[in-house]
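*Asks:* Next comes protein17.csv, CSV, C-alpha atoms:
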chain,number,residue,atom,x,y,z
K,77,MET,CA,199.7,256.7,250.5
K,78,LEU,CA,197.5,254.0,252.0
K,79,ASP,CA,196.0,256.4,254.6
K,80,THR,CA,194.8,258.9,252.0
K,81,PRO,CA,192.0,258.5,249.5
K,82,LEU,CA,192.9,256.3,246.6
K,83,ASN,CA,192.3,257.4,243.0
K,84,VAL,CA,191.4,254.3,240.9
K,85,MET,CA,190.7,254.2,237.2
K,86,LEU,CA,188.0,251.7,236.3
K,87,LEU,CA,188.7,250.7,232.7
K,88,ALA,CA,185.7,249.1,231.0
K,89,GLY,CA,184.5,248.2,227.5
K,90,ARG,CA,181.0,248.7,226.1
K,91,PHE,CA,178.3,249.0,228.7
K,92,GLU,CA,175.7,246.3,228.0
K,93,MET,CA,173.1,244.5,230.1
K,94,ARG,CA,175.4,241.8,231.4
K,95,GLY,CA,176.9,241.0,234.7
K,96,SER,CA,180.3,242.6,234.0
K,97,SER,CA,178.7,246.0,233.2
K,98,VAL,CA,176.5,245.8,236.3
K,99,TYR,CA,179.7,245.0,238.3
K,100,THR,CA,181.4,248.2,237.1
K,101,LEU,CA,178.4,250.4,237.8
K,102,ARG,CA,178.0,249.1,241.3
K,103,LEU,CA,181.7,249.5,242.1
K,104,ALA,CA,181.7,253.1,240.7
K,105,ARG,CA,178.7,254.0,242.9
K,106,ASN,CA,180.0,252.5,246.1
K,107,LEU,CA,183.8,252.9,246.2
K,108,ALA,CA,183.6,256.4,247.6
K,109,SER,CA,182.2,255.1,250.9
K,110,HIS,CA,185.4,253.1,251.3
K,111,GLY,CA,187.8,256.0,250.7
K,112,VAL,CA,188.3,255.4,247.0
K,113,SER,CA,187.7,258.0,244.3
K,114,PRO,CA,186.9,256.2,241.1
K,115,SER,CA,186.9,257.4,237.5
K,116,VAL,CA,185.3,255.2,234.8
K,117,LEU,CA,186.8,255.1,231.3
K,118,CYS,CA,184.8,253.1,228.8
K,119,ALA,CA,184.0,252.5,225.1
K,120,ASP,CA,180.3,253.1,225.0
K,121,THR,CA,177.4,254.1,227.3
K,122,ARG,CA,174.6,254.2,224.8
K,123,ARG,CA,172.8,251.3,226.4
K,124,LEU,CA,172.7,253.1,229.8
K,125,ASP,CA,169.8,255.4,230.5
K,126,ALA,CA,170.3,258.8,232.1
K,127,ALA,CA,169.4,257.4,235.6
K,128,HIS,CA,172.2,254.9,235.4
K,129,ARG,CA,174.7,257.5,234.2
K,130,ALA,CA,173.7,260.2,236.7
K,131,GLY,CA,176.4,261.2,239.1
K,132,LEU,CA,179.0,258.8,237.8
K,133,PRO,CA,182.5,260.0,236.7
K,134,LEU,CA,182.1,258.5,233.2
K,135,LYS,CA,184.2,259.3,230.1
K,136,GLU,CA,183.7,257.6,226.8
K,137,TYR,CA,186.4,256.6,224.3
K,138,PRO,CA,184.4,255.1,221.4
K,139,HIS,CA,187.3,253.3,219.8
K,140,LEU,CA,188.8,251.8,223.0
K,141,VAL,CA,187.8,248.3,221.9
K,142,THR,CA,188.3,248.7,218.2
K,143,PRO,CA,191.4,246.7,217.1
K,144,LEU,CA,192.7,249.2,214.6
K,145,PHE,CA,192.4,252.2,216.8
K,146,ASN,CA,192.7,251.1,220.4
K,147,ARG,CA,196.5,251.9,220.6
K,148,VAL,CA,195.7,255.4,219.5
K,149,VAL,CA,193.0,255.7,222.2
K,150,VAL,CA,195.4,254.4,224.9
K,151,GLU,CA,197.9,257.2,223.9
K,152,LEU,CA,195.1,259.7,224.1
K,153,ILE,CA,194.2,258.6,227.6
K,154,VAL,CA,197.9,258.7,228.6
K,155,ARG,CA,198.2,262.3,227.4
K,156,GLU,CA,195.0,263.3,229.2
K,157,THR,CA,195.9,261.6,232.5
K,158,ARG,CA,199.7,262.0,232.7
K,159,GLN,CA,199.6,265.1,234.8
K,160,SER,CA,197.3,263.5,237.4
K,161,PRO,CA,197.5,259.7,236.9
K,162,PRO,CA,195.5,257.3,239.1
K,163,ASP,CA,197.1,255.4,241.9
K,164,LEU,CA,195.8,252.2,240.4
K,165,ILE,CA,194.1,250.9,237.3
K,166,HIS,CA,191.3,248.3,237.7
K,167,ILE,CA,190.7,246.6,234.4
K,168,GLN,CA,187.0,245.5,234.5
K,169,SER,CA,187.0,242.6,232.1
K,170,ARG,CA,189.0,240.6,229.6
K,171,SER,CA,187.6,242.7,226.7
K,172,VAL,CA,189.9,245.6,227.7
K,173,LEU,CA,192.7,243.6,229.4
K,174,VAL,CA,195.4,244.3,226.7
K,175,GLN,CA,194.5,248.0,226.6
K,176,GLY,CA,194.7,248.2,230.4
K,177,MET,CA,198.0,246.5,230.5
K,178,ARG,CA,199.4,248.9,227.9
K,179,LEU,CA,198.0,251.9,229.8
K,180,ALA,CA,199.6,250.7,233.0
K,181,ARG,CA,203.0,250.5,231.3
K,182,ARG,CA,202.7,253.9,229.7
K,183,LEU,CA,201.6,255.6,233.0
K,184,ASN,CA,203.9,253.5,235.2
K,185,ARG,CA,201.0,252.5,237.3
K,186,PRO,CA,200.1,249.1,238.8
K,187,TYR,CA,196.9,247.3,237.7
K,188,VAL,CA,194.5,244.7,238.9
K,189,ALA,CA,192.0,243.0,236.6
K,190,THR,CA,188.6,241.3,237.2
K,191,MET,CA,187.8,238.1,235.2
K,192,HIS,CA,184.1,237.2,234.8
K,193,ASP,CA,184.4,234.3,232.4
K,194,PHE,CA,186.5,231.4,231.2
K,195,LEU,CA,189.4,231.5,228.8
K,196,PRO,CA,189.3,229.8,225.4
K,197,PRO,CA,190.9,226.3,225.4
K,198,ARG,CA,194.8,226.3,225.6
K,199,GLU,CA,194.9,230.1,226.0
K,200,LYS,CA,196.7,231.8,228.9
K,201,LEU,CA,195.6,235.0,230.5
K,202,PRO,CA,197.8,237.9,229.4
K,203,PHE,CA,199.9,239.0,232.3
K,204,ASP,CA,202.5,241.7,233.0
K,205,PRO,CA,204.6,240.6,236.0
K,206,GLN,CA,206.0,244.1,236.3
K,207,TRP,CA,202.7,246.0,236.8
K,208,CYS,CA,200.1,243.4,237.6
K,209,ARG,CA,199.3,243.4,241.4
K,210,GLY,CA,196.4,240.9,241.3
K,211,ILE,CA,193.6,239.2,239.5
K,212,ILE,CA,190.0,239.1,240.8
K,213,ALA,CA,187.9,236.1,239.9
K,214,VAL,CA,184.2,236.3,240.4
K,215,SER,CA,183.7,232.6,241.1
K,216,LYS,CA,185.7,229.6,242.3
K,217,ALA,CA,185.3,228.1,238.9
K,218,VAL,CA,186.8,231.1,237.1
K,219,GLN,CA,189.6,231.2,239.7
K,220,SER,CA,190.4,227.5,239.1
K,221,ASP,CA,190.4,228.1,235.3
K,222,ILE,CA,192.9,230.9,235.6
K,223,LEU,CA,195.2,229.0,237.9
K,224,SER,CA,195.1,225.9,235.6
K,225,ARG,CA,196.8,227.8,232.8
K,226,GLY,CA,200.0,227.9,234.9
K,227,ASN,CA,201.3,231.4,234.1
K,228,ILE,CA,200.0,233.3,237.1
K,229,PRO,CA,201.1,232.7,240.7
K,230,ASP,CA,198.4,231.3,242.9
K,231,HIS,CA,198.7,234.1,245.5
K,232,MET,CA,197.8,236.7,242.9
K,233,VAL,CA,194.3,235.4,242.1
K,234,THR,CA,191.7,236.4,244.6
K,235,LEU,CA,188.1,235.2,244.8
K,236,VAL,CA,185.6,238.1,245.1
K,237,HIS,CA,182.0,237.2,244.3
K,238,SER,CA,180.0,239.8,242.5
K,239,GLY,CA,177.6,241.6,244.8
K,240,VAL,CA,173.9,242.1,244.4
K,241,ASP,CA,172.0,245.4,244.9
K,242,LEU,CA,168.4,245.9,243.9
K,243,PRO,CA,166.1,249.0,244.1
K,244,GLN,CA,164.6,249.3,247.5
K,245,ASP,CA,161.2,250.3,246.1
K,246,LEU,CA,161.0,247.5,243.6
K,247,LYS,CA,157.6,245.9,243.8
K,248,THR,CA,157.5,242.1,243.1
K,249,GLN,CA,154.5,239.8,243.0
K,250,PRO,CA,154.3,236.8,245.3
K,251,VAL,CA,155.7,233.6,243.7
K,252,LEU,CA,153.0,231.6,241.9
K,253,ASP,CA,150.2,233.6,243.4
K,254,PRO,CA,146.9,232.0,242.3
K,255,GLY,CA,145.7,235.4,241.2
K,256,HIS,CA,147.9,235.6,238.1
K,257,VAL,CA,149.2,233.5,235.3
K,258,PRO,CA,152.6,232.0,236.1
K,259,VAL,CA,155.6,233.5,234.4
K,260,ILE,CA,158.8,231.6,233.8
K,261,GLY,CA,161.6,233.8,232.5
K,262,THR,CA,165.3,234.3,231.7
K,263,ALA,CA,167.3,237.5,231.3
K,264,GLY,CA,170.7,238.5,229.9
K,265,PRO,CA,172.5,238.9,226.6
K,266,LEU,CA,171.0,236.8,223.8
K,267,GLU,CA,174.1,234.9,222.8
K,268,SER,CA,174.7,231.3,221.7
K,269,VAL,CA,176.6,230.4,224.9
K,270,LYS,CA,173.6,231.3,227.0
K,271,GLY,CA,171.7,228.1,225.8
K,272,LEU,CA,168.4,229.9,225.2
K,273,PRO,CA,167.2,227.4,222.5
K,274,PHE,CA,167.0,224.9,225.4
K,275,PHE,CA,164.9,227.3,227.4
K,276,LEU,CA,162.4,227.5,224.5
K,277,GLY,CA,162.5,223.8,224.0
K,278,ALA,CA,161.6,223.4,227.7
K,279,ALA,CA,158.8,225.9,227.3
K,280,ALA,CA,157.3,223.9,224.4
K,281,ARG,CA,157.3,220.8,226.7
K,282,VAL,CA,155.6,222.6,229.5
K,283,LEU,CA,153.0,224.1,227.2
K,284,ALA,CA,152.2,220.7,225.8
K,285,LYS,CA,150.9,219.8,229.2
K,286,ARG,CA,149.4,223.1,230.4
K,287,LYS,CA,148.6,226.3,228.6
K,288,ASN,CA,148.2,228.7,231.4
K,289,VAL,CA,151.9,229.6,231.6
K,290,GLU,CA,153.8,232.5,230.1
K,291,PHE,CA,157.5,232.7,229.2
K,292,LEU,CA,159.6,235.9,229.3
K,293,VAL,CA,163.0,236.4,227.5
K,294,ALA,CA,164.5,239.8,228.6
K,295,GLY,CA,167.6,241.0,226.8
K,296,ALA,CA,169.1,241.7,223.5
K,297,GLY,CA,171.9,240.3,221.4
K,298,PRO,CA,172.9,238.5,218.1
K,299,GLU,CA,170.7,235.5,218.7
K,300,GLU,CA,167.4,237.5,219.1
K,301,GLU,CA,166.1,236.8,215.6
K,302,ASN,CA,167.0,233.1,215.7
K,303,LEU,CA,165.3,232.7,219.0
K,304,ARG,CA,162.1,234.5,217.7
K,305,ARG,CA,162.1,232.2,214.7
K,306,LEU,CA,162.6,229.1,216.9
K,307,ALA,CA,159.7,230.2,219.1
K,308,ARG,CA,157.5,230.3,216.0
K,309,GLU,CA,158.8,226.9,214.8
K,310,LEU,CA,158.0,225.3,218.2
K,311,ARG,CA,154.6,227.0,218.0
K,312,VAL,CA,155.0,228.7,221.4
K,313,ALA,CA,155.4,232.3,220.1
K,314,GLU,CA,152.1,233.4,221.5
K,315,HIS,CA,153.2,232.4,225.0
K,316,VAL,CA,156.8,233.8,224.8
K,317,THR,CA,157.4,237.6,225.2
K,318,PHE,CA,160.7,239.1,224.1
K,319,VAL,CA,161.7,242.3,225.9
K,320,PRO,CA,164.8,243.6,224.2
K,321,ASN,CA,164.8,247.3,225.0
K,322,MET,CA,165.7,247.3,228.7
K,323,TYR,CA,168.3,249.4,230.6
K,324,ASP,CA,168.2,246.9,233.5
K,325,PHE,CA,166.5,243.7,234.3
K,326,SER,CA,165.1,244.4,237.8
K,327,HIS,CA,161.5,245.0,236.6
K,328,ALA,CA,161.6,241.9,234.3
K,329,LEU,CA,162.8,239.8,237.2
K,330,ALA,CA,160.1,241.2,239.5
K,331,ALA,CA,157.5,240.0,237.0
K,332,MET,CA,158.8,236.4,237.0
K,333,ASP,CA,157.7,233.6,239.2
K,334,VAL,CA,160.6,231.3,238.2
K,335,TYR,CA,164.0,232.3,236.8
K,336,CYS,CA,166.0,230.0,234.5
K,337,LEU,CA,169.7,230.2,233.6
K,338,PRO,CA,170.2,227.7,230.7
K,339,SER,CA,173.8,228.7,230.0
K,340,LEU,CA,176.3,226.3,228.4
K,341,ARG,CA,179.1,228.2,230.0
K,342,GLN,CA,178.9,230.6,233.0
K,343,GLY,CA,181.4,232.5,235.0
K,344,LEU,CA,179.0,233.2,237.9
K,345,GLY,CA,175.5,234.4,237.1
K,346,THR,CA,174.9,237.9,238.5
K,347,ILE,CA,171.4,238.3,237.0
K,348,MET,CA,170.5,235.0,238.5
K,349,LEU,CA,171.7,236.3,241.9
K,350,GLU,CA,169.4,239.3,241.5
K,351,ALA,CA,166.5,236.9,240.8
K,352,MET,CA,167.4,235.0,243.9
K,353,ALA,CA,167.6,238.2,246.0
K,354,LEU,CA,164.0,238.8,245.0
K,355,GLY,CA,163.0,235.4,246.4
K,356,LYS,CA,162.5,233.8,242.9
K,357,PRO,CA,163.2,230.1,242.7
K,358,VAL,CA,165.8,229.4,240.1
K,359,ILE,CA,166.7,226.6,237.8
K,360,ALA,CA,170.2,226.7,236.4
K,361,THR,CA,172.5,224.5,234.4
K,362,GLY,CA,175.4,222.9,236.3
K,363,VAL,CA,178.2,224.8,234.6
K,364,GLY,CA,181.0,227.0,235.8
K,365,GLY,CA,180.3,229.3,238.7
K,366,VAL,CA,176.6,228.2,239.1
K,367,TYR,CA,177.6,225.8,242.0
K,368,SER,CA,179.0,228.9,243.8
K,369,CYS,CA,175.5,230.2,244.0
K,370,VAL,CA,173.0,227.3,243.9
K,371,LYS,CA,172.8,224.3,246.1
K,372,ASN,CA,170.6,221.7,244.3
K,373,ASN,CA,167.2,221.1,245.9
K,374,GLU,CA,168.0,223.7,248.6
K,375,THR,CA,168.5,227.2,247.2
K,376,GLY,CA,167.5,226.2,243.6
K,377,PHE,CA,167.5,223.4,241.1
K,378,VAL,CA,170.6,222.4,239.0
K,379,VAL,CA,170.0,220.6,235.7
K,380,PRO,CA,172.4,219.3,233.0
K,381,ALA,CA,173.4,221.8,230.3
K,382,ALA,CA,171.7,221.4,226.9
K,383,ASP,CA,168.8,219.3,228.3
K,384,SER,CA,165.4,220.8,227.6
K,385,GLU,CA,163.6,217.7,229.0
K,386,GLN,CA,165.1,218.0,232.5
K,387,LEU,CA,164.7,221.8,232.5
K,388,ALA,CA,161.0,221.3,231.7
K,389,GLN,CA,160.6,218.7,234.4
K,390,ARG,CA,161.9,221.2,237.0
K,391,MET,CA,159.7,223.9,235.6
K,392,LYS,CA,156.6,221.6,236.0
K,393,GLN,CA,157.7,220.6,239.5
K,394,LEU,CA,157.7,224.2,240.7
K,395,LEU,CA,154.4,225.0,238.9
K,396,ASP,CA,152.8,222.0,240.5
K,397,ASP,CA,154.0,222.8,244.0
K,398,PRO,CA,153.9,226.6,244.8
K,399,VAL,CA,154.8,225.9,248.4
K,400,LEU,CA,158.0,224.2,247.4
K,401,ALA,CA,158.7,227.1,244.9
K,402,ARG,CA,158.3,229.7,247.6
K,403,ALA,CA,160.5,227.7,250.1
K,404,ILE,CA,163.3,227.4,247.5
K,405,GLY,CA,162.9,231.0,246.6
K,406,GLU,CA,163.3,232.2,250.2
K,407,ALA,CA,166.2,229.9,250.8
K,408,GLY,CA,167.9,231.3,247.8
K,409,ARG,CA,167.2,234.8,248.9
K,410,ALA,CA,168.8,234.2,252.3
K,411,SER,CA,171.8,232.6,250.7
K,412,VAL,CA,172.4,235.6,248.4
K,413,LEU,CA,172.0,238.1,251.2
K,414,GLN,CA,174.5,236.3,253.3
K,415,ASP,CA,177.2,235.5,250.7
K,416,PHE,CA,176.7,237.9,247.8
K,417,GLY,CA,176.0,241.3,249.3
K,418,LEU,CA,177.2,244.4,247.6
K,419,GLU,CA,178.9,245.8,250.6
K,420,ARG,CA,181.0,242.6,251.0
K,421,MET,CA,182.1,242.8,247.3
K,422,VAL,CA,183.1,246.4,247.6
K,423,ALA,CA,185.0,245.9,250.8
K,424,GLN,CA,186.9,242.9,249.5
K,425,THR,CA,187.7,244.7,246.3
K,426,VAL,CA,189.1,247.7,248.2
K,427,GLU,CA,191.2,245.3,250.2
K,428,VAL,CA,192.7,244.0,246.9
K,429,TYR,CA,193.5,247.6,246.0
K,430,ARG,CA,195.2,248.3,249.2
K,431,ARG,CA,197.3,245.1,249.0
K,432,ALA,CA,198.2,246.1,245.4
K,433,LEU,CA,199.4,249.5,246.5
K,434,GLN,CA,201.3,248.1,249.5
K,435,GLN,CA,203.1,245.8,247.1
K,436,ASN,CA,203.9,248.9,245.0
K,437,VAL,CA,205.4,250.7,248.0
K,438,LEU,CA,207.5,247.7,248.8
K,439,ALA,CA,208.7,247.4,245.2
K,440,ASP,CA,209.6,251.1,245.1
K,441,ALA,CA,211.5,250.8,248.4
K,442,GLY,CA,213.4,247.8,247.1
In structure tokens, how does this file's structure come out?
*Replies:*
Amino acid sequence: MLDTPLNVMLLAGRFEMRGSSVYTLRLARNLASHGVSPSVLCADTRRLDAAHRAGLPLKEYPHLVTPLFNRVVVELIVRETRQSPPDLIHIQSRSVLVQGMRLARRLNRPYVATMHDFLPPREKLPFDPQWCRGIIAVSKAVQSDILSRGNIPDHMVTLVHSGVDLPQDLKTQPVLDPGHVPVIGTAGPLESVKGLPFFLGAAARVLAKRKNVEFLVAGAGPEEENLRRLARELRVAEHVTFVPNMYDFSHALAAMDVYCLPSLRQGLGTIMLEAMALGKPVIATGVGGVYSCVKNNETGFVVPAADSEQLAQRMKQLLDDPVLARAIGEAGRASVLQDFGLERMVAQTVEVYRRALQQNVLADAG
């Protein structure tokens, strides 16, 4: 079995502009070059444009993540795939973990699961010892969090950093080129855990000292209206541009001179890695997996979470010293290309698949 192409089902939730969705899309596009034939089952692709969907083996099950209906959806998938089941199920995130475990049991197929974020306090990761063959953690911090819960053997949790891939023809402006107004930005889902009020608070502090700076917030989510209101209350709205209707963030990142990740909790920071790959200097809060990506004062700046003052100080430091900003941006770019390449992620993930199936062969033989 291990010498033939592997059929792997990638089970995902709703596709949104966040790191876990980008992770699935990149896997789906690149597994074939490693002898894996993927199929992608998901809840919703409406936030993907036609270019992102083109050529992908996508199938939607709209109620896959709906609590009252997901059991019915799982049974539908079982009926549709029973005649030709996958060799392996790869659960893409915690949002579909329970559904994926149920599907593995019903199809008698092993599964692996990728975890992108942290578990709630005192909660253990659901785990099926009969069918689980491995857990992939996207950062050392996520891996440590999973292992600290005590219900999953250490050898089953593998660290595989998310990989970065950007359009080859993407045009980006030089960092802090004197010919344009500086742009400091952030990108991702607009959720409370992302700490975006502190980004706006830092923007207000910077603008109190210098007016020739623009701020960009790219993304959509439940906090959008609250953030727009806060920008008005801080009297910075005329300098803050919200861009909610984006299918990907690459062009927004290309327009930035400085990228900020003000999160209060963070599994890794895939969008930040994309900014670093473009040579943008980054300022990130010292939470979760950020330390896997950023060495303070070398490949970026790390600041305390929920601290607009220190975030603003780092913004002003980069604005005042373009040479330093470019040097940090280039160091970050080199670091990402070395440690967070897409090819490396895919190869390591396929190795997890092959180990999982080898375990299955041994289990069947026993």
*Asks:* Calculated over only C-alpha atoms, which of the candidates K:Glu406, K:Asp163, K:Asp396, K:Glu427 has the smallest distance to Leu183 (chain K)?
*Replies:* K:Asp163
*Asks:* Have a look at K:Arg123, K:Val148, K:Val312, K:Val422 and name the one nearest to Lys287 (chain K); count all atoms listed in the file.
*Replies:*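 Using all atoms listed in the file, the shortest distance to Lys287 (chain K) belongs to K:Val312.
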*Asks:* Give as a ChimeraX atom specification the set of residues within 12 Å of the point (175.7, 241.2, 250.8), where distances use the file's coordinates and all atoms listed in the file.
*Replies:* /K:236-242,349-350,353,409-424
*Asks:* Tell me which of K:Leu272, K:Val334, K:Ile165, K:Val214 sits closest to Arg304 (chain K), counting only C-alpha atoms.
*Replies:* K:Leu272
*Asks:* When you count all atoms listed in the file, which of these residues is closest to Leu387 (chain K): K:Gly277, K:Tyr323, K:Ala313, K:Asp333?
*Replies:*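 Looking only at the distances to Leu387 (chain K), the closest residue turns out to be K:Gly277.
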*Asks:* I'd like the interatomic distance between CA of Gly261 (chain K) and CA of Val293 (chain K), to a tenth of an Å.
*Replies:*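 Between CA of Gly261 (chain K) and CA of Val293 (chain K) the gap works out to 5.8 Å.
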*Asks:* List as number ranges by chain the protein and nucleic acid residues near Lys247 (chain K), meaning an atom at most 10 Å away when only C-alpha atoms are counted, but skip any in the same chain fewer than 4 places from it.
*Replies:* K: 243, 326-327, 330-331, 354
*Asks:* Restricting the calculation to all atoms listed in the file, which member of K:Gln389, K:Ser384, K:Thr190, K:Asn288 is positioned closest to His256 (chain K)?
*Replies:*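 The answer is K:Asn288, which sits nearest to His256 (chain K).
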*Asks:* To one decimal in Å, tell me the separation between CA of Val379 (chain K) and CA of Ala280 (chain K).
*Replies:*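 Between these atoms lies a distance of 17.3 Å.
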*Asks:* Determine, counting only C-alpha atoms, which protein, DNA and RNA residues have an atom within 7 Å of an atom of Val116 (chain K); residues of the same chain fewer than 2 positions away are not included. Present the result as a ChimeraX atom specification.
*Replies:* /K:85-87,114,118,133-135
*Asks:* Which is closest to Pro196 (chain K) among K:Leu395, K:Ile211, K:Ile222, K:Ile167, if we use only C-alpha atoms?
*Replies:*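 Distance minimum relative to Pro196 (chain K) lands on K:Ile222.
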*Asks:* Can you tell me how far CA of Gln386 (chain K) sits from CA of Ala278 (chain K), in Å to one decimal?
*Replies:*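 CA of Gln386 (chain K) sits 8.0 Å away from CA of Ala278 (chain K).
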*Asks:* Identify, on the basis of only C-alpha atoms, every residue whose closest approach to Ala401 (chain K) does not exceed 12 Å; exclude the query and any residue fewer than 4 positions from it along the same chain; express the result as a ChimeraX atom specification.
*Replies:* /K:250-253,258,260,333-335,352,355-359,373-377,390-397,405-408
*Asks:* I'd like the contact shell of Glu290 (chain K) - 9 Å cut-off, all atoms listed in the file, skipping same-chain residues fewer than 5 positions apart - returned as a PyMOL selection string.
*Replies:* chain K and resi 257-261+279+283+314-317
*Asks:* Quick one: residues within 6 Å of Ala213 (chain K), only C-alpha atoms, excluding same-chain residues fewer than 4 positions away - as a PyMOL selection string?
*Replies:* chain K and resi 190-191+218-219+235
